[in-house]
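*Asks:* Structure file data-v9.cif, mmCIF, C-alpha atoms and all ligand atoms, is pasted below:
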```
data_input
loop_
_atom_site.group_PDB
_atom_site.id
_atom_site.type_symbol
_atom_site.label_atom_id
_atom_site.label_comp_id
_atom_site.auth_asym_id
_atom_site.auth_seq_id
_atom_site.Cartn_x
_atom_site.Cartn_y
_atom_site.Cartn_z
ATOM 1 C CA MET A 41 101.130 -195.821 -38.269
ATOM 2 C CA ARG A 42 102.040 -193.959 -35.102
ATOM 3 C CA ARG A 43 99.497 -191.407 -33.896
ATOM 4 C CA LYS A 44 101.121 -188.033 -33.381
ATOM 5 C CA LEU A 45 101.454 -186.526 -29.909
ATOM 6 C CA VAL A 46 101.691 -182.796 -29.195
ATOM 7 C CA VAL A 47 102.640 -181.824 -25.637
ATOM 8 C CA GLY A 48 102.692 -178.314 -24.204
ATOM 9 C CA ASN A 49 105.440 -177.694 -21.656
ATOM 10 C CA TRP A 50 104.322 -174.618 -19.769
ATOM 11 C CA LYS A 51 107.593 -174.470 -17.808
ATOM 12 C CA MET A 52 107.290 -172.000 -14.879
ATOM 13 C CA ASN A 53 104.488 -170.003 -16.433
ATOM 14 C CA GLY A 54 100.776 -169.614 -15.863
ATOM 15 C CA SER A 55 98.281 -168.331 -13.342
ATOM 16 C CA ARG A 56 94.851 -169.561 -12.361
ATOM 17 C CA PRO A 57 92.890 -167.171 -14.593
ATOM 18 C CA ALA A 58 95.272 -167.514 -17.558
ATOM 19 C CA ASN A 59 95.280 -171.324 -17.289
ATOM 20 C CA ALA A 60 91.500 -171.534 -17.114
ATOM 21 C CA GLU A 61 91.207 -169.452 -20.274
ATOM 22 C CA LEU A 62 93.866 -171.423 -22.155
ATOM 23 C CA LEU A 63 92.451 -174.828 -21.195
ATOM 24 C CA ALA A 64 88.896 -173.788 -22.065
ATOM 25 C CA ALA A 65 90.101 -172.733 -25.522
ATOM 26 C CA LEU A 66 91.832 -176.105 -26.023
ATOM 27 C CA VAL A 67 88.771 -178.065 -24.956
ATOM 28 C CA ALA A 68 86.596 -176.032 -27.316
ATOM 29 C CA ALA A 69 88.987 -176.514 -30.256
ATOM 30 C CA ARG A 70 88.844 -180.332 -30.236
ATOM 31 C CA PRO A 71 89.050 -182.738 -31.951
ATOM 32 C CA PHE A 72 92.633 -182.393 -33.147
ATOM 33 C CA GLY A 73 93.208 -185.728 -34.854
ATOM 34 C CA CYS A 74 96.286 -186.346 -32.709
ATOM 35 C CA ASP A 75 96.964 -186.889 -29.011
ATOM 36 C CA VAL A 76 97.366 -183.639 -27.065
ATOM 37 C CA ALA A 77 98.613 -183.051 -23.527
ATOM 38 C CA VAL A 78 99.771 -180.185 -21.323
ATOM 39 C CA CYS A 79 102.549 -180.495 -18.743
ATOM 40 C CA VAL A 80 101.876 -177.872 -16.101
ATOM 41 C CA PRO A 81 103.517 -176.720 -12.843
ATOM 42 C CA PHE A 82 102.728 -179.144 -9.987
ATOM 43 C CA VAL A 83 100.505 -176.665 -8.149
ATOM 44 C CA PHE A 84 98.154 -176.392 -11.117
ATOM 45 C CA LEU A 85 97.679 -180.150 -11.623
ATOM 46 C CA GLY A 86 94.498 -180.380 -9.574
ATOM 47 C CA GLU A 87 92.737 -177.607 -11.425
ATOM 48 C CA THR A 88 94.021 -178.817 -14.784
ATOM 49 C CA ALA A 89 92.690 -182.294 -14.054
ATOM 50 C CA ALA A 90 89.322 -180.874 -13.067
ATOM 51 C CA GLN A 91 89.077 -178.763 -16.202
ATOM 52 C CA LEU A 92 90.203 -181.459 -18.650
ATOM 53 C CA ALA A 93 88.335 -184.382 -17.072
ATOM 54 C CA GLY A 94 85.875 -185.865 -19.520
ATOM 55 C CA SER A 95 87.802 -184.554 -22.533
ATOM 56 C CA ASP A 96 90.366 -186.505 -24.539
ATOM 57 C CA LEU A 97 93.086 -184.034 -23.558
ATOM 58 C CA ARG A 98 95.749 -185.372 -21.175
ATOM 59 C CA TRP A 99 97.920 -183.675 -18.618
ATOM 60 C CA GLY A 100 101.185 -184.252 -16.887
ATOM 61 C CA ALA A 101 104.037 -182.832 -14.823
ATOM 62 C CA GLN A 102 107.406 -181.395 -15.784
ATOM 63 C CA ASP A 103 109.471 -183.486 -13.377
ATOM 64 C CA VAL A 104 109.092 -186.316 -10.876
ATOM 65 C CA SER A 105 111.104 -187.562 -7.930
ATOM 66 C CA ALA A 106 113.206 -190.690 -8.326
ATOM 67 C CA GLN A 107 112.208 -191.569 -4.750
ATOM 68 C CA ALA A 108 108.973 -193.354 -3.851
ATOM 69 C CA GLU A 109 108.149 -191.412 -0.660
ATOM 70 C CA GLY A 110 109.619 -190.065 2.534
ATOM 71 C CA ALA A 111 111.851 -187.279 3.799
ATOM 72 C CA TYR A 112 112.616 -185.529 0.488
ATOM 73 C CA THR A 113 111.514 -181.936 1.046
ATOM 74 C CA GLY A 114 110.191 -180.269 -2.072
ATOM 75 C CA GLU A 115 109.959 -183.455 -4.138
ATOM 76 C CA VAL A 116 106.795 -184.847 -5.754
ATOM 77 C CA SER A 117 106.419 -188.588 -6.225
ATOM 78 C CA ALA A 118 105.161 -190.590 -9.172
ATOM 79 C CA ALA A 119 102.366 -191.964 -6.964
ATOM 80 C CA MET A 120 101.181 -188.401 -6.332
ATOM 81 C CA LEU A 121 101.230 -187.648 -10.050
ATOM 82 C CA HIS A 122 99.258 -190.803 -10.710
ATOM 83 C CA GLU A 123 96.727 -189.754 -8.096
ATOM 84 C CA CYS A 124 96.349 -186.411 -9.907
ATOM 85 C CA GLY A 125 95.536 -188.285 -13.097
ATOM 86 C CA CYS A 126 98.801 -187.491 -14.867
ATOM 87 C CA ARG A 127 99.387 -189.430 -18.054
ATOM 88 C CA TYR A 128 102.881 -187.992 -18.561
ATOM 89 C CA ALA A 129 105.910 -186.657 -16.711
ATOM 90 C CA ILE A 130 108.706 -184.880 -18.529
ATOM 91 C CA VAL A 131 112.102 -186.062 -17.275
ATOM 92 C CA GLY A 132 115.586 -184.872 -18.115
ATOM 93 C CA HIS A 133 114.599 -181.579 -19.693
ATOM 94 C CA SER A 134 117.784 -179.683 -20.574
ATOM 95 C CA GLU A 135 116.801 -176.895 -18.171
ATOM 96 C CA ARG A 136 116.811 -179.413 -15.318
ATOM 97 C CA ARG A 137 120.033 -181.026 -16.515
ATOM 98 C CA ALA A 138 121.654 -177.571 -16.691
ATOM 99 C CA TYR A 139 120.189 -175.732 -13.671
ATOM 100 C CA HIS A 140 119.664 -178.674 -11.313
ATOM 101 C CA ALA A 141 122.676 -180.746 -12.298
ATOM 102 C CA GLU A 142 120.587 -183.788 -13.232
ATOM 103 C CA SER A 143 122.781 -186.638 -14.435
ATOM 104 C CA ASP A 144 121.894 -189.277 -17.004
ATOM 105 C CA GLU A 145 121.573 -191.759 -14.122
ATOM 106 C CA LEU A 146 119.168 -189.549 -12.153
ATOM 107 C CA VAL A 147 117.068 -188.943 -15.270
ATOM 108 C CA ALA A 148 116.900 -192.715 -15.804
ATOM 109 C CA ALA A 149 115.843 -193.281 -12.188
ATOM 110 C CA LYS A 150 113.096 -190.677 -12.568
ATOM 111 C CA ALA A 151 111.841 -192.330 -15.748
ATOM 112 C CA GLN A 152 111.751 -195.663 -13.930
ATOM 113 C CA ALA A 153 109.876 -194.163 -10.967
ATOM 114 C CA ALA A 154 107.262 -192.673 -13.297
ATOM 115 C CA LEU A 155 106.724 -195.862 -15.282
ATOM 116 C CA GLY A 156 106.429 -197.842 -12.058
ATOM 117 C CA ARG A 157 103.275 -195.848 -11.289
ATOM 118 C CA GLY A 158 101.831 -195.949 -14.771
ATOM 119 C CA VAL A 159 102.942 -192.419 -15.653
ATOM 120 C CA THR A 160 104.597 -192.284 -19.086
ATOM 121 C CA PRO A 161 107.964 -190.539 -18.943
ATOM 122 C CA ILE A 162 108.776 -188.094 -21.744
ATOM 123 C CA VAL A 163 112.549 -188.439 -21.740
ATOM 124 C CA CYS A 164 114.368 -185.406 -23.164
ATOM 125 C CA VAL A 165 117.724 -185.619 -24.879
ATOM 126 C CA GLY A 166 119.654 -183.030 -26.853
ATOM 127 C CA GLU A 167 123.029 -181.508 -27.542
ATOM 128 C CA THR A 168 124.353 -177.991 -26.906
ATOM 129 C CA LEU A 169 125.551 -175.796 -29.740
ATOM 130 C CA GLU A 170 129.136 -176.415 -28.674
ATOM 131 C CA GLN A 171 128.611 -180.170 -28.886
ATOM 132 C CA ARG A 172 126.933 -179.884 -32.292
ATOM 133 C CA ASP A 173 129.750 -177.747 -33.643
ATOM 134 C CA ALA A 174 132.242 -180.312 -32.350
ATOM 135 C CA GLY A 175 130.423 -183.078 -34.243
ATOM 136 C CA GLN A 176 129.268 -184.764 -31.029
ATOM 137 C CA THR A 177 125.481 -184.632 -31.515
ATOM 138 C CA GLU A 178 125.007 -188.331 -32.141
ATOM 139 C CA ALA A 179 127.300 -189.418 -29.327
ATOM 140 C CA VAL A 180 125.619 -187.087 -26.809
ATOM 141 C CA VAL A 181 122.012 -188.077 -27.517
ATOM 142 C CA LYS A 182 122.915 -191.774 -27.668
ATOM 143 C CA ARG A 183 124.666 -191.564 -24.301
ATOM 144 C CA GLN A 184 121.691 -189.766 -22.728
ATOM 145 C CA LEU A 185 119.200 -192.271 -24.116
ATOM 146 C CA SER A 186 121.288 -195.320 -23.373
ATOM 147 C CA ALA A 187 121.272 -194.602 -19.619
ATOM 148 C CA VAL A 188 117.463 -194.687 -19.668
ATOM 149 C CA ILE A 189 117.255 -197.769 -21.886
ATOM 150 C CA HIS A 190 119.625 -199.607 -19.569
ATOM 151 C CA THR A 191 117.594 -198.745 -16.456
ATOM 152 C CA LEU A 192 114.131 -199.366 -17.930
ATOM 153 C CA ALA A 193 115.232 -202.633 -19.576
ATOM 154 C CA HIS A 194 112.208 -204.517 -20.920
ATOM 155 C CA CYS A 195 109.915 -201.531 -20.193
ATOM 156 C CA ALA A 196 111.925 -199.124 -22.366
ATOM 157 C CA ALA A 197 109.389 -199.351 -25.193
ATOM 158 C CA GLU A 198 106.817 -197.675 -22.915
ATOM 159 C CA MET A 199 108.570 -194.293 -22.794
ATOM 160 C CA VAL A 200 108.168 -191.303 -25.077
ATOM 161 C CA VAL A 201 111.426 -189.692 -26.226
ATOM 162 C CA ALA A 202 111.819 -185.990 -27.005
ATOM 163 C CA TYR A 203 114.752 -184.672 -29.016
ATOM 164 C CA GLU A 204 115.338 -181.087 -27.945
ATOM 165 C CA PRO A 205 118.547 -179.518 -29.227
ATOM 166 C CA VAL A 206 119.533 -177.067 -26.494
ATOM 167 C CA TRP A 207 120.469 -174.402 -29.054
ATOM 168 C CA ALA A 208 116.907 -174.420 -30.414
ATOM 169 C CA ILE A 209 115.090 -174.014 -27.089
ATOM 170 C CA GLY A 210 113.545 -170.590 -26.603
ATOM 171 C CA THR A 211 115.900 -169.106 -29.175
ATOM 172 C CA GLY A 212 113.633 -168.919 -32.205
ATOM 173 C CA ARG A 213 116.284 -170.982 -33.989
ATOM 174 C CA THR A 214 114.573 -174.246 -34.957
ATOM 175 C CA ALA A 215 116.403 -177.282 -36.230
ATOM 176 C CA THR A 216 115.494 -177.750 -39.875
ATOM 177 C CA PRO A 217 113.181 -180.701 -40.517
ATOM 178 C CA GLU A 218 116.154 -182.493 -42.093
ATOM 179 C CA GLN A 219 118.456 -181.828 -39.122
ATOM 180 C CA ALA A 220 115.808 -183.051 -36.689
ATOM 181 C CA GLN A 221 114.933 -186.086 -38.818
ATOM 182 C CA ALA A 222 118.587 -187.137 -38.953
ATOM 183 C CA VAL A 223 118.794 -187.268 -35.152
ATOM 184 C CA HIS A 224 115.372 -188.894 -34.798
ATOM 185 C CA ALA A 225 116.477 -191.668 -37.153
ATOM 186 C CA VAL A 226 119.541 -192.300 -34.980
ATOM 187 C CA LEU A 227 117.378 -192.446 -31.855
ATOM 188 C CA ARG A 228 114.857 -194.786 -33.465
ATOM 189 C CA ALA A 229 117.609 -197.156 -34.558
ATOM 190 C CA GLN A 230 118.956 -197.177 -31.004
ATOM 191 C CA LEU A 231 115.469 -197.830 -29.597
ATOM 192 C CA GLN A 232 114.876 -200.582 -32.136
ATOM 193 C CA ALA A 233 118.107 -202.340 -31.229
ATOM 194 C CA ALA A 234 117.187 -202.160 -27.538
ATOM 195 C CA THR A 235 113.466 -202.937 -27.583
ATOM 196 C CA GLY A 236 112.516 -204.393 -30.950
ATOM 197 C CA HIS A 237 109.412 -202.160 -30.806
ATOM 198 C CA ALA A 238 110.660 -198.772 -31.976
ATOM 199 C CA ASP A 239 108.083 -198.754 -34.767
ATOM 200 C CA ARG A 240 105.385 -198.054 -32.179
ATOM 201 C CA MET A 241 107.412 -195.621 -30.019
ATOM 202 C CA ARG A 242 106.920 -191.886 -30.297
ATOM 203 C CA ILE A 243 109.864 -189.533 -30.689
ATOM 204 C CA LEU A 244 108.885 -185.854 -30.333
ATOM 205 C CA TYR A 245 110.820 -182.839 -31.526
ATOM 206 C CA GLY A 246 111.122 -179.759 -29.300
ATOM 207 C CA GLY A 247 112.813 -176.400 -29.745
ATOM 208 C CA SER A 248 111.120 -173.278 -31.135
ATOM 209 C CA VAL A 249 108.235 -175.201 -32.702
ATOM 210 C CA LYS A 250 105.708 -172.629 -33.916
ATOM 211 C CA ALA A 251 102.482 -172.619 -35.883
ATOM 212 C CA ASP A 252 104.393 -171.879 -39.082
ATOM 213 C CA ASN A 253 107.032 -174.623 -38.855
ATOM 214 C CA ALA A 254 105.166 -177.455 -37.119
ATOM 215 C CA ARG A 255 103.701 -179.013 -40.251
ATOM 216 C CA ALA A 256 107.058 -179.383 -42.015
ATOM 217 C CA LEU A 257 108.653 -180.909 -38.908
ATOM 218 C CA PHE A 258 105.759 -183.307 -38.305
ATOM 219 C CA ALA A 259 105.894 -184.425 -41.948
ATOM 220 C CA MET A 260 109.269 -186.095 -41.402
ATOM 221 C CA PRO A 261 109.049 -189.888 -41.135
ATOM 222 C CA ASP A 262 110.572 -190.202 -37.649
ATOM 223 C CA ILE A 263 109.080 -187.076 -36.049
ATOM 224 C CA ASP A 264 105.968 -188.171 -34.182
ATOM 225 C CA GLY A 265 104.888 -184.828 -32.772
ATOM 226 C CA GLY A 266 106.276 -182.026 -30.665
ATOM 227 C CA LEU A 267 107.158 -180.799 -27.194
ATOM 228 C CA ILE A 268 106.176 -177.161 -27.264
ATOM 229 C CA GLY A 269 107.402 -174.458 -24.887
ATOM 230 C CA GLY A 270 106.615 -170.802 -25.546
ATOM 231 C CA ALA A 271 103.989 -171.407 -28.210
ATOM 232 C CA SER A 272 101.991 -173.670 -25.868
ATOM 233 C CA LEU A 273 101.085 -170.658 -23.726
ATOM 234 C CA LYS A 274 99.099 -168.948 -26.469
ATOM 235 C CA ALA A 275 95.850 -170.715 -27.289
ATOM 236 C CA ALA A 276 95.735 -169.805 -30.980
ATOM 237 C CA ASP A 277 99.362 -170.853 -31.559
ATOM 238 C CA PHE A 278 99.113 -174.118 -29.653
ATOM 239 C CA ILE A 279 95.826 -175.024 -31.338
ATOM 240 C CA ALA A 280 97.410 -174.414 -34.748
ATOM 241 C CA ILE A 281 100.337 -176.688 -33.830
ATOM 242 C CA CYS A 282 97.960 -179.397 -32.596
ATOM 243 C CA ARG A 283 96.043 -179.163 -35.862
ATOM 244 C CA ALA A 284 99.329 -179.637 -37.739
ATOM 245 C CA GLY A 285 99.617 -182.974 -35.940
ATOM 246 C CA GLY A 286 96.188 -184.132 -37.092
HETATM 247 P P1 LIG B 301 110.398 -173.535 -26.873
HETATM 248 O O1 LIG B 301 109.293 -174.122 -27.699
HETATM 249 O O2 LIG B 301 109.991 -172.323 -26.110
HETATM 250 O O3 LIG B 301 111.659 -173.348 -27.683
HETATM 251 O O4 LIG B 301 110.754 -174.625 -25.746
HETATM 252 C C1 LIG B 301 110.972 -175.932 -26.114
HETATM 253 C C2 LIG B 301 111.027 -176.772 -24.893
HETATM 254 O O5 LIG B 301 111.949 -176.682 -24.110
HETATM 255 C C3 LIG B 301 109.913 -177.686 -24.637
HETATM 256 O O6 LIG B 301 110.201 -178.572 -23.610
#
```
Starting from the file, lay out its structure as structure tokens.
*Replies:*
Amino acid sequence: MRRKLVVGNWKMNGSRPANAELLAALVAARPFGCDVAVCVPFVFLGETAAQLAGSDLRWGAQDVSAQAEGAYTGEVSAAMLHECGCRYAIVGHSERRAYHAESDELVAAKAQAALGRGVTPIVCVGETLEQRDAGQTEAVVKRQLSAVIHTLAHCAAEMVVAYEPVWAIGTGRTATPEQAQAVHAVLRAQLQAATGHADRMRILYGGSVKADNARALFAMPDIDGGLIGGASLKAADFIAICRAGG
């Protein structure tokens, strides 16, 4: 049985006082009965690490450089994330693919850089509404995942995958549990063919997960938790979602 994982993706939100309050509420609300992590802006990693140290809550970043070190202004390396105690790094979020022109190959290189330093990549895949309407959902997510599988090779079983349909992100329009499950099953079959260990890999769903729909999504056989945007910024909402994973 896979243990569920609920990850908050704060995106470009937060402030020192607001973060301290949110993290204190999470620490106080434990135990959740599932694994819980928050992926915060780089500048807040130090304080997040300090506040969560000694708890079973994990933290991570929302991106990582594909490069190891050197003259790459503005980039943050996997070694630096490791030094900040990061367990996870989100890679290939649709907002980075769309606004920063990240290719499947770059996303794969970032996942490899993270894993090389013991930071688990949370690899995001997902189709746009246009692609879904054109019947291309399966082809799109398989192409996105296959680039990462190819690059990680025998280490591919170490990643976490997140299915985030672009049309469900920040829109309030969630995929139904059945729609999400159908794509998760496709991804698990692809992971199984590549690694032989898909039964122990976690595939998260993301896109307008809220306190009132989390339980139904998490009840699906191939949905192993969630990647939560907006609702991860409100303590009561995020705590309720974490409890749904327990
Ligand atoms: P929302 O939960 O705000 O729709 O965001 C989902 C997401 O992009 C998480 O990475």
*Asks:* Which residue gives the smallest distance to Gly246 of chain A among A:Pro261, A:Gly269, A:Pro81, A:Gly156, with only C-alpha atoms counted?
*Replies:* A:Gly269
*Asks:* Nearest residue to Val223 of chain A out of A:Gly247, A:Pro205, A:Gly125, A:Gly210, using all atoms listed in the file?
*Replies:* A:Pro205
*Asks:* Might you spell out which residues the PyMOL selection byres (((chain A and resi 254) around 9) and not hetatm) would select in the displayed file, as a list in words?
*Replies:*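 Residues picked by the PyMOL selection byres (((chain A and resi 254) around 9) and not hetatm): Val249, Lys250, Ala251, Asp252, Asn253, Arg255, Ala256, Leu257, Phe258, Ala259, Gly265, Gly266, Ala280, Ile281, Cys282, Ala284 and Gly285 of chain A.
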*Asks:* For the residues in the current selection, export C-alpha atoms as a CSV table (one decimal), in the frame of the given file.
*Replies:*
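Output (again_8.csv):
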```
chain,number,residue,atom,x,y,z
A,249,VAL,CA,108.2,-175.2,-32.7
A,250,LYS,CA,105.7,-172.6,-33.9
A,251,ALA,CA,102.5,-172.6,-35.9
A,252,ASP,CA,104.4,-171.9,-39.1
A,253,ASN,CA,107.0,-174.6,-38.9
A,255,ARG,CA,103.7,-179.0,-40.3
A,256,ALA,CA,107.1,-179.4,-42.0
A,257,LEU,CA,108.7,-180.9,-38.9
A,258,PHE,CA,105.8,-183.3,-38.3
A,259,ALA,CA,105.9,-184.4,-41.9
A,265,GLY,CA,104.9,-184.8,-32.8
A,266,GLY,CA,106.3,-182.0,-30.7
A,280,ALA,CA,97.4,-174.4,-34.7
A,281,ILE,CA,100.3,-176.7,-33.8
A,282,CYS,CA,98.0,-179.4,-32.6
A,284,ALA,CA,99.3,-179.6,-37.7
A,285,GLY,CA,99.6,-183.0,-35.9
```
*Asks:* So, with all atoms listed in the file as the atoms that count, which of A:Glu198, A:Glu142, A:Asp264, A:Asp103 lies closest to Asp75 of chain A?
*Replies:*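 The closest residue to Asp75 of chain A is A:Asp264.
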*Asks:* For Ala238 of chain A, which of A:Asn59, A:Met41, A:Gly158, A:His140 is the closest residue, counting all atoms listed in the file?
*Replies:*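 For Ala238 of chain A, the nearest of the given residues is A:Met41.
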*Asks:* Determine the residue set returned by the PyMOL selection byres (((chain A and resi 195) around 12) and not hetatm) for the present structure, and present it as a list in words.
*Replies:*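 With the shown file as input, the PyMOL selection byres (((chain A and resi 195) around 12) and not hetatm) matches Ala151, Gln152, Ala153, Ala154, Leu155, Gly156, Gly158, Thr160, Pro161, Val188, Ile189, His190, Thr191, Leu192, Ala193, His194, Ala196, Ala197, Glu198, Met199, Val200, Leu231, Ala234, Thr235, Gly236, His237 and Met241 of chain A.
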*Asks:* Within 7 Å of ligand LIG 301 (chain B), counting only C-alpha atoms and all ligand atoms, which protein or nucleic acid residues do you find, written as a list in words?
*Replies:*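 What falls inside 7 Å of ligand LIG 301 (chain B) is Asn49, His133, Glu204, Ala208, Ile209, Gly210, Thr211, Gly212, Gly246, Gly247, Ser248, Val249, Leu267, Ile268, Gly269, Gly270 and Ala271 of chain A.
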*Asks:* Those same residues, written as a short mmCIF file (atom, residue, chain, number, x, y, z; two decimals), keeping the file's coordinate frame with C-alpha atoms?
*Replies:*
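Output below, filename again25.cif:
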```cif
data_model
loop_
_atom_site.label_atom_id
_atom_site.label_comp_id
_atom_site.auth_asym_id
_atom_site.auth_seq_id
_atom_site.Cartn_x
_atom_site.Cartn_y
_atom_site.Cartn_z
CA ASN A 49 105.44 -177.69 -21.66
CA HIS A 133 114.60 -181.58 -19.69
CA GLU A 204 115.34 -181.09 -27.94
CA ALA A 208 116.91 -174.42 -30.41
CA ILE A 209 115.09 -174.01 -27.09
CA GLY A 210 113.54 -170.59 -26.60
CA THR A 211 115.90 -169.11 -29.18
CA GLY A 212 113.63 -168.92 -32.20
CA GLY A 246 111.12 -179.76 -29.30
CA GLY A 247 112.81 -176.40 -29.74
CA SER A 248 111.12 -173.28 -31.14
CA VAL A 249 108.24 -175.20 -32.70
CA LEU A 267 107.16 -180.80 -27.19
CA ILE A 268 106.18 -177.16 -27.26
CA GLY A 269 107.40 -174.46 -24.89
CA GLY A 270 106.62 -170.80 -25.55
CA ALA A 271 103.99 -171.41 -28.21
#
```
*Asks:* If we count only C-alpha atoms, what is near Ile162 of chain A at a cut-off of 7 Å, once residues fewer than 4 positions away on the same chain are taken out, given as a PDB file with C-alpha atoms, in the frame of the given file?
*Replies:*
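Written out: around.pdb:
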```pdb
ATOM      1  CA  TYR A 128     102.881-187.992 -18.561  1.00  0.00           C
ATOM      2  CA  ALA A 129     105.910-186.657 -16.711  1.00  0.00           C
ATOM      3  CA  ILE A 130     108.706-184.880 -18.529  1.00  0.00           C
ATOM      4  CA  VAL A 131     112.102-186.062 -17.275  1.00  0.00           C
ATOM      5  CA  MET A 199     108.570-194.293 -22.794  1.00  0.00           C
ATOM      6  CA  VAL A 200     108.168-191.303 -25.077  1.00  0.00           C
ATOM      7  CA  VAL A 201     111.426-189.692 -26.226  1.00  0.00           C
ATOM      8  CA  ALA A 202     111.819-185.990 -27.005  1.00  0.00           C
TER       9      ALA A 202
END
```
*Asks:* Excluding Gln171 of chain A and residues on its chain fewer than 3 positions from it, collect all residues at most 12 Å away from it, counting only C-alpha atoms, and give them as a PyMOL selection string.
*Replies:* chain A and resi 166-168+174-181+205-207
*Asks:* Quick one: residues within 7 Å of Gln107 of chain A, all atoms listed in the file counted, chain neighbours fewer than 2 positions away excluded, as a list in words?
*Replies:* Ser105, Glu109 and Ser117 of chain A
*Asks:* Between A:Ala222, A:Val67, A:Ala77, A:Ala138, single out the one closest to Val47 of chain A, counting only C-alpha atoms.
*Replies:* A:Ala77
*Asks:* A:Arg42, A:Lys274, A:His224, A:Arg157: which is nearest Leu185 of chain A, counting only C-alpha atoms?
*Replies:*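 Once distances to Leu185 of chain A are computed over only C-alpha atoms, the minimum belongs to A:His224.
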*Asks:* Pop segment 110-115 of chain A out of the structure in the block and write all heavy atoms as a compact mmCIF listing (two decimals), in the first residue's frame.
*Replies:*
```
# COMPACT_ATOMS: atom_id res chain seq x y z
N GLY A 110 28.08 27.37 -11.04
CA GLY A 110 28.81 28.23 -11.96
C GLY A 110 28.08 29.49 -12.35
O GLY A 110 27.22 29.98 -11.62
N ALA A 111 28.43 30.03 -13.52
CA ALA A 111 27.95 31.33 -13.95
C ALA A 111 26.55 31.22 -14.57
O ALA A 111 26.38 31.24 -15.78
CB ALA A 111 28.94 31.93 -14.96
N TYR A 112 25.55 31.05 -13.71
CA TYR A 112 24.15 30.93 -14.14
C TYR A 112 23.32 31.85 -13.26
O TYR A 112 22.62 31.41 -12.33
CB TYR A 112 23.67 29.48 -14.04
CG TYR A 112 24.48 28.53 -14.90
CD1 TYR A 112 25.48 27.75 -14.34
CD2 TYR A 112 24.26 28.48 -16.28
CE1 TYR A 112 26.25 26.92 -15.14
CE2 TYR A 112 25.03 27.66 -17.08
CZ TYR A 112 26.02 26.88 -16.51
OH TYR A 112 26.78 26.07 -17.30
N THR A 113 23.42 33.14 -13.52
CA THR A 113 22.79 34.15 -12.67
C THR A 113 21.30 33.87 -12.44
O THR A 113 20.56 33.63 -13.39
CB THR A 113 22.96 35.54 -13.31
OG1 THR A 113 24.36 35.78 -13.50
CG2 THR A 113 22.36 36.63 -12.43
N GLY A 114 20.93 33.88 -11.18
CA GLY A 114 19.52 33.70 -10.82
C GLY A 114 19.13 32.26 -10.58
O GLY A 114 18.03 32.00 -10.08
N GLU A 115 19.98 31.31 -10.94
CA GLU A 115 19.64 29.90 -10.77
C GLU A 115 19.98 29.40 -9.36
O GLU A 115 20.84 29.98 -8.69
CB GLU A 115 20.42 29.06 -11.79
CG GLU A 115 20.04 29.30 -13.22
CD GLU A 115 18.81 28.51 -13.63
OE1 GLU A 115 18.96 27.37 -14.07
OE2 GLU A 115 17.70 29.03 -13.47
```
